[in-house]
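J.: Structure incoming, see below.
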Amino acid sequence: MKIIMLGAPGAGKGTQAARVADEYRIPHISTGDIFRANIKGGTELGKKAKGYMDAGKLVPDELVCDLVADRISQEDCKDGYVLDGFPRTIPQAEALDKAVAAMNGKIDFAVNIDVPDEAIVKRMGGRRACTNCGATYHVEFNPPKQADTCDVCGSKLVLRDDDKPETVKTRLSVYHEQTQPLIDYYEDQKILVTVDGTKDMEEVFSSIKEKLGA
Ligand code: AP5
Ligand code: MG
């Protein structure tokens, strides 16, 4: 199954993509996590991406399209994958369609996690992310077993640099301008499913499974 997770920053794409990946035993590919790993590793790509990310803007399409096309052509993606945070612009969606068609495949579902802006702002301040494996928590809604420590790998949890309230505002307006048009794009392709992302995490996951027919 080839799945795209759509939604505003903080809608729960990462949270749900991890569950979907587990359920279907397919890789979870988050472009945000790939960039953060590159920033941490001090790579050229990381250096190029950092300024955009810290400002809450999108990294240019040319830095992300080839990277994803290459990632989905790898052996572990042959039975599918869940893309989290890609595509985010119409040119990215077109590049993805082209890359998938070149491998004789097609995207099965685009899952839109719908959450209004007011709820997003509240969520972001409470998010904590693992500096090592990228796992995501929330101080109130999904706390780790031990404060500030990742349940999965034991590393330190931090507030992401781009989760400051001013940056969250920029990210939301970038989302409305550049990413929201993808909802119509996938509606036209008849592969869009929408779930109410304001419910608790387990309920959101159940609705996703139901819509994917699992
Ligand atoms: P990215 O890392 O993708 O960030 P984002 O889209 O802003 O999304 P987030 O990761 O902030 O939110 P999420 O939807 O994954 O929510 P989460 O599950 O964590 O991208 C970062 C940056 O990288 C971009 O700004 C851009 O610069 C660059 N970039 C990445 N991809 C790119 C691309 N394709 N093109 C160009 N640039 C790109 O949940 C949020 C919080 O809420 C968590 O604390 C979670 O525990 C909690 N939560 C989740 N679900 C619920 C629930 N149902 N109820 C209560 N709390 C919940
Ligand atoms: Mg995420």
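For the structure tokens, the naming scheme is as follows: chains receive sequential letters (A, B, ...) according to their order of presentation, residues are indexed from 1 within each chain, and ligands are indexed from 1 in presentation order.
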As a PyMOL selection string, please: every protein or nucleic acid residue near ligand 1 (cut-off 7 Å, counting only C-alpha atoms and all ligand atoms).
T.: chain A and resi 7-16+30-33+35+52-53+56-61+64+84-88+123-124+126-128+136-138+141-142+171+197-201+204
J.: If you count only C-alpha atoms, which residues fall within 12 Å of A:Arg71, apart from same-chain ones fewer than 3 positions away, as a VMD selection string?
T.: chain A and resid 27 to 31 34 64 to 68 74 to 78 80 to 83 96 99 to 100
J.: Can you spit out the residues from that selection as a tab-separated table (two decimals), in the first residue's frame, using C-alpha atoms?
T.:
```
chain	number	residue	atom	x	y	z
A	27	PRO	CA	8.57	2.11	5.78
A	28	HIS	CA	7.62	5.50	7.26
A	29	ILE	CA	9.32	8.19	5.18
A	30	SER	CA	9.24	11.67	6.72
A	31	THR	CA	11.00	14.38	4.71
A	34	ILE	CA	15.33	13.28	6.79
A	64	VAL	CA	13.33	17.30	-1.95
A	65	CYS	CA	11.88	15.70	-5.13
A	66	ASP	CA	14.95	13.67	-6.18
A	67	LEU	CA	15.59	12.66	-2.61
A	68	VAL	CA	12.12	11.12	-2.29
A	74	GLN	CA	14.81	1.29	-2.66
A	75	GLU	CA	14.16	-2.39	-2.01
A	76	ASP	CA	12.29	-1.92	1.30
A	77	CYS	CA	9.66	0.20	-0.52
A	78	LYS	CA	8.63	-2.44	-3.03
A	80	GLY	CA	4.60	0.23	-0.30
A	81	TYR	CA	5.40	3.08	2.07
A	82	VAL	CA	3.82	5.90	3.98
A	83	LEU	CA	5.00	9.39	3.01
A	96	LEU	CA	5.85	12.04	-7.20
A	99	ALA	CA	8.37	8.81	-10.17
A	100	VAL	CA	5.71	6.30	-9.08
```
J.: Which of these, A:Ile72, A:Val168, A:Ala21, A:Ala135, has the shortest distance to ligand 2 once you count only C-alpha atoms and all ligand atoms?
T.: A:Ala135
J.: I'd like to know which of A:Ile113, A:Asp108, A:Lys164, A:Ala93 is closest to A:Phe205, using only C-alpha atoms.
T.: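 Using only C-alpha atoms, A:Phe205 sits closest to A:Ile113.
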J.: Choose the residue, out of A:Leu212, A:Met5, A:Ala69, A:Val139, that has the smallest atom-to-atom separation from ligand 2; count only C-alpha atoms and all ligand atoms.
T.: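 Smallest distance to ligand 2 is found for A:Met5.
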J.: Pick out the residues sitting within 7 Å of A:Val158, and hand them over as JSON, numbers by chain; count only C-alpha atoms, and ignore anything fewer than 3 positions along from it in its own chain.
T.: {"A": [128, 129, 130, 131]}
J.: Quick check for you: according to DSSP on this backbone, which residues of stretch 60-150 of chain A are classed as strand (DSSP E)? Reply as a PyMOL selection string.
T.: chain A and resi 81-84+109-114+127-130+136-138
J.: Go through A:Val152, A:Ala147, A:Ile208, A:Val174 one by one, measure the shortest atom-to-atom distance of each to A:Val20 using only C-alpha atoms, and give the residue with the smallest value.
T.: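 The shortest atom-to-atom distance to A:Val20 comes from A:Ile208.
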J.: Applying 12 Å and only C-alpha atoms, which residues near A:Lys209 remain after dropping the ones on its own chain fewer than 3 positions away? List them as a list in words.
T.: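 Once the adjacent positions are removed, what remains is Ile3, Gln16, Ala17, Arg19, Val20, Ala21, Asp22, Glu23, Tyr24, Phe109, Val111, Val193, Thr194, Val195, Glu202, Glu203, Val204, Phe205, Ser206, Leu212, Gly213 and Ala214 of chain A.
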J.: Suppose we keep N, CA and C atoms; can you now write the selection as a JSON list (two decimals), in the first residue's frame?
T.:
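To be explicit, this is the file written out as out-v4.json:
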```
[["chain", "number", "residue", "atom", "x", "y", "z"],
["A", 3, "ILE", "N", 0.88, 5.17, 0.58],
["A", 3, "ILE", "CA", 0.01, 6.13, 1.27],
["A", 3, "ILE", "C", 0.73, 7.45, 1.48],
["A", 16, "GLN", "N", 0.47, 9.49, 13.22],
["A", 16, "GLN", "CA", -0.36, 8.47, 12.55],
["A", 16, "GLN", "C", 0.46, 7.68, 11.53],
["A", 17, "ALA", "N", 1.42, 8.34, 10.87],
["A", 17, "ALA", "CA", 2.24, 7.62, 9.87],
["A", 17, "ALA", "C", 3.01, 6.49, 10.54],
["A", 19, "ARG", "N", 2.07, 4.74, 13.11],
["A", 19, "ARG", "CA", 1.13, 3.64, 13.38],
["A", 19, "ARG", "C", 0.78, 2.89, 12.10],
["A", 20, "VAL", "N", 0.55, 3.66, 11.03],
["A", 20, "VAL", "CA", 0.21, 3.04, 9.74],
["A", 20, "VAL", "C", 1.37, 2.15, 9.26],
["A", 21, "ALA", "N", 2.59, 2.67, 9.41],
["A", 21, "ALA", "CA", 3.78, 1.93, 8.97],
["A", 21, "ALA", "C", 3.89, 0.60, 9.72],
["A", 22, "ASP", "N", 3.59, 0.65, 11.01],
["A", 22, "ASP", "CA", 3.62, -0.54, 11.86],
["A", 22, "ASP", "C", 2.57, -1.55, 11.44],
["A", 23, "GLU", "N", 1.36, -1.04, 11.23],
["A", 23, "GLU", "CA", 0.21, -1.89, 10.89],
["A", 23, "GLU", "C", 0.42, -2.62, 9.56],
["A", 24, "TYR", "N", 0.92, -1.88, 8.57],
["A", 24, "TYR", "CA", 1.07, -2.48, 7.23],
["A", 24, "TYR", "C", 2.48, -2.99, 6.96],
["A", 109, "PHE", "N", -3.71, 5.85, -1.50],
["A", 109, "PHE", "CA", -4.52, 6.76, -0.70],
["A", 109, "PHE", "C", -3.74, 8.01, -0.30],
["A", 111, "VAL", "N", -4.25, 10.49, 2.76],
["A", 111, "VAL", "CA", -5.03, 10.63, 3.98],
["A", 111, "VAL", "C", -4.89, 12.05, 4.50],
["A", 193, "VAL", "N", -8.90, 10.53, 1.28],
["A", 193, "VAL", "CA", -9.80, 10.23, 2.39],
["A", 193, "VAL", "C", -9.49, 11.24, 3.50],
["A", 194, "THR", "N", -10.54, 11.73, 4.18],
["A", 194, "THR", "CA", -10.33, 12.73, 5.21],
["A", 194, "THR", "C", -10.77, 12.18, 6.55],
["A", 195, "VAL", "N", -9.95, 12.40, 7.58],
["A", 195, "VAL", "CA", -10.33, 11.99, 8.93],
["A", 195, "VAL", "C", -10.30, 13.21, 9.85],
["A", 202, "GLU", "N", -5.88, 7.40, 19.23],
["A", 202, "GLU", "CA", -6.36, 6.05, 18.89],
["A", 202, "GLU", "C", -7.58, 6.12, 17.98],
["A", 203, "GLU", "N", -8.47, 7.09, 18.28],
["A", 203, "GLU", "CA", -9.67, 7.24, 17.43],
["A", 203, "GLU", "C", -9.30, 7.65, 16.01],
["A", 204, "VAL", "N", -8.31, 8.56, 15.91],
["A", 204, "VAL", "CA", -7.88, 8.99, 14.58],
["A", 204, "VAL", "C", -7.32, 7.77, 13.83],
["A", 205, "PHE", "N", -6.53, 6.97, 14.53],
["A", 205, "PHE", "CA", -5.94, 5.80, 13.88],
["A", 205, "PHE", "C", -7.04, 4.81, 13.44],
["A", 206, "SER", "N", -8.05, 4.60, 14.28],
["A", 206, "SER", "CA", -9.14, 3.70, 13.90],
["A", 206, "SER", "C", -9.84, 4.20, 12.65],
["A", 212, "LEU", "N", -8.99, 2.98, 5.05],
["A", 212, "LEU", "CA", -8.07, 2.25, 4.17],
["A", 212, "LEU", "C", -8.56, 0.82, 3.95],
["A", 213, "GLY", "N", -9.62, 0.46, 4.64],
["A", 213, "GLY", "CA", -10.20, -0.86, 4.45],
["A", 213, "GLY", "C", -9.42, -1.97, 5.11],
["A", 214, "ALA", "N", -8.77, -1.65, 6.25],
["A", 214, "ALA", "CA", -7.99, -2.70, 6.94],
["A", 214, "ALA", "C", -8.81, -3.38, 8.03]]
```
J.: Using DSSP on the backbone, list every residue of stretch 2-188 of chain A that comes out as helix (DSSP H, G or I), and give them as JSON, numbers by chain.
T.: {"A": [13, 14, 15, 16, 17, 18, 19, 20, 21, 22, 23, 24, 31, 32, 33, 34, 35, 36, 37, 38, 39, 40, 44, 45, 46, 47, 48, 49, 50, 51, 52, 53, 54, 55, 61, 62, 63, 64, 65, 66, 67, 68, 69, 70, 71, 72, 75, 76, 77, 90, 91, 92, 93, 94, 95, 96, 97, 98, 99, 100, 101, 102, 117, 118, 119, 120, 121, 122, 123, 124, 125, 126, 161, 162, 163, 165, 166, 167, 168, 169, 170, 171, 172, 173, 174, 175, 176, 177, 178, 179, 181, 182, 183, 184, 185, 186, 187, 188]}
